[in-house]
Structure formats: C-alpha cells, structure tokens
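Here is the structure we will look at.
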Amino acid sequence: MGQRIVVGGDSAGYSYKEAIKKDLEADDRVEAVIDVGVIGSEDETYYPNVAIEAGEKITAGEADRALLICGTGLGVAISANKVKGVRAVTAHDIYSVQRSVLSNNAQVLCMGERVVGLELARTLVKEWVGLEFDPTSSSGPKVDAIDAYEGL
Ligand SMILES: O=C(CO)[C@H](O)COP(=O)(O)O
C-alpha cells in the first residue's frame with residue numbers, strides 16, 4: 001500500500017510546498033497527498049498551526065508522513081514535535097534525510113525554502129519517500145526510548 005503524505009507550510013514555504021506536492025501526486029509510491037495549507041503566498045496562517053495539524057493527522061492514523069516547509073524548516077519542526085508521538089526533523093542533505101527515517105523513524109521531514117534549492121529539495125523528497133524504518137534494527141530500541149519518555 002502506498003504512503004499517505006501530508007504537505008504543509010507557511011507563506012514562506014508555499015512555492016516549494018506546491019512544487020513538491022505536484023511531484024508527490026505523480027509518484028506511484030504515494031497513495032494520497034493531503035494538503036493542510038497554507039492556500040496561497042498571501043495566506044499568513046502561522047506555521048505552528050499548520051505543523052500541529054499535520055502532526056495530529058499522523059497520530060490520528062489519517063496519514064503516514066508529513067513534509068513541512070517554512071522559511072527555515074525550523075519552526076515547523078519545533079511545532080510538529082509538540083504533538084506527542086511525532087518525530088520531526090529539519091534536513092537539507094541526503095545523509096540526514098536517510099538517517100531521519102532509518103535511525104530515527106521520523107515521520108515528518110521539514111525543509112526551509114530560504115535555505116535549500118528547489119531541485120535539491122525535490123531530489124531529497126524523492127529519496128525520502130522510498131525509505132523505510134526497520135524496527136528490528138539496532139535503532140529500534142533507541143526510538144522506543146523516545147516513545148517511553150512520552151508515555152507511549
Ligand atoms: O522560518 C520560519 C519559522 O521557522 C517562518 O517561515 C518565518 O518565521 P518568522 O521569521 O518568524 O517570520
């Protein structure tokens with residue numbers, strides 16, 4: 001079964017969110033793309049509102065992952081991480097993107113439109129979609145320790 005991926009961000013991330021959303025919609029590995037906004041570059045909804053909504057969709061079981069984009073990728077990560085059970089990272093290089101799933105089982109990837117070039121961001125997301133965490137790997141108990149702290 002394909003992945004259900006939430007996309008979201010603030011006005012500073014709107015143009016990348018739209019471009020990468022199109023990539024995801026055309027990707028056979030993706031079953032559904034759920035856009036939680038913003039709906040335009042003039043939409044000044046704050047990034048925490050969007051990021052928390054995205055995180056809650058994951059913990060509610062309505063989505064598997066989220067891609068969040070703001071100016072830096074930092075505010076959306078901080079906000080999504082406030083949702084219990086969400087592991088959100090900011091990453092703009094291939095090794096970090098790979099390890100965010102393989103080591104950390106992060107469900108949320110955050111990027112900054114003011115930080116990374118569009119083509120690199122698109123390439124990183126393409127790689128990210130194909131990654132899968134192995135809970136039987138040596139990273140499994142480490143991620144379990146995060147869950148334990150949260151009472152999960
Ligand atoms: O990058 C952002 C938050 O981390 C956001 O896109 C812009 O936030 P601001 O610098 O507070 O306007």
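Starting from 1 in every chain, residues are counted up; chains themselves are A, B, ... following the order of the structure tokens, and ligands are numbered from 1 as listed.
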
Next item on the list: For ligand 1, collect every residue having any atom at a distance of at most 9 Å from a ligand atom (counting only C-alpha atoms and all ligand atoms); output as a VMD selection string.
Entry: chain A and resid 9 to 13 46 to 48 69 to 78 112 to 114

Kindly assemble as JSON lines a list of the segment 35-81 of chain A residues that lie within 10 Å of segment 17-26 of chain A, each paired with its nearest atom pair and their distance in Å to one decimal, using only C-alpha atoms, sorted first by chain and then by ascending residue number.
{"residue": "A:Asp35", "atom": "CA", "partner": "A:Lys21", "partner_atom": "CA", "distance": 8.1}
{"residue": "A:Gly37", "atom": "CA", "partner": "A:Lys17", "partner_atom": "CA", "distance": 8.9}
{"residue": "A:Val38", "atom": "CA", "partner": "A:Lys17", "partner_atom": "CA", "distance": 9.0}
{"residue": "A:Ile39", "atom": "CA", "partner": "A:Glu18", "partner_atom": "CA", "distance": 9.3}
{"residue": "A:Gly40", "atom": "CA", "partner": "A:Glu18", "partner_atom": "CA", "distance": 9.3}
{"residue": "A:Leu67", "atom": "CA", "partner": "A:Lys17", "partner_atom": "CA", "distance": 8.2}
{"residue": "A:Leu68", "atom": "CA", "partner": "A:Lys17", "partner_atom": "CA", "distance": 7.6}
{"residue": "A:Ile69", "atom": "CA", "partner": "A:Lys17", "partner_atom": "CA", "distance": 6.4}
{"residue": "A:Cys70", "atom": "CA", "partner": "A:Lys17", "partner_atom": "CA", "distance": 8.9}

Those residues you just picked out, can you put them in a file as a PDB file, in the first residue's frame with C-alpha atoms?
ATOM      1  CA  ASP A  35      -2.645  19.474   1.833  1.00  0.00           C
ATOM      2  CA  GLY A  37      -2.179  24.695   3.774  1.00  0.00           C
ATOM      3  CA  VAL A  38      -1.347  27.421   3.509  1.00  0.00           C
ATOM      4  CA  ILE A  39      -3.504  28.021   0.471  1.00  0.00           C
ATOM      5  CA  GLY A  40      -1.519  30.857  -1.086  1.00  0.00           C
ATOM      6  CA  LEU A  67       6.523  17.178   4.569  1.00  0.00           C
ATOM      7  CA  LEU A  68       6.519  20.672   6.072  1.00  0.00           C
ATOM      8  CA  ILE A  69       8.117  23.763   4.588  1.00  0.00           C
ATOM      9  CA  CYS A  70       8.608  27.192   6.100  1.00  0.00           C
TER      10      CYS A  70
END

Checklist line | Nearby residues (only C-alpha atoms) at most 12 Å from Asp28 of chain A, same-chain spacing under 4 positions excluded, as an MDAnalysis selection string | finding: chainID A and resid 1:4 23:24 32:33 126 129:130

Check: For Leu120 of chain A, which residue among A:Glu56, A:Asp134, A:Asp144, A:Asp93 is the nearest when counting only C-alpha atoms?
Finding: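 Comparing A:Glu56, A:Asp134, A:Asp144, A:Asp93 against Leu120 of chain A, the winner is A:Asp93.
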
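If only C-alpha atoms are the atoms counted, then among A:Val116, A:Ile94, A:Val30, A:Val6 the closest residue to Glu62 of chain A is A:Val6.
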
Next item on the list: Would you list the contacts of Leu102 of chain A as a VMD selection string, taking every protein, DNA or RNA residue within 10 Å and counting only C-alpha atoms, but skipping same-chain residues closer than 2 positions in sequence?
Entry: chain A and resid 96 to 100 104 to 106 131 to 135 137 139 to 140
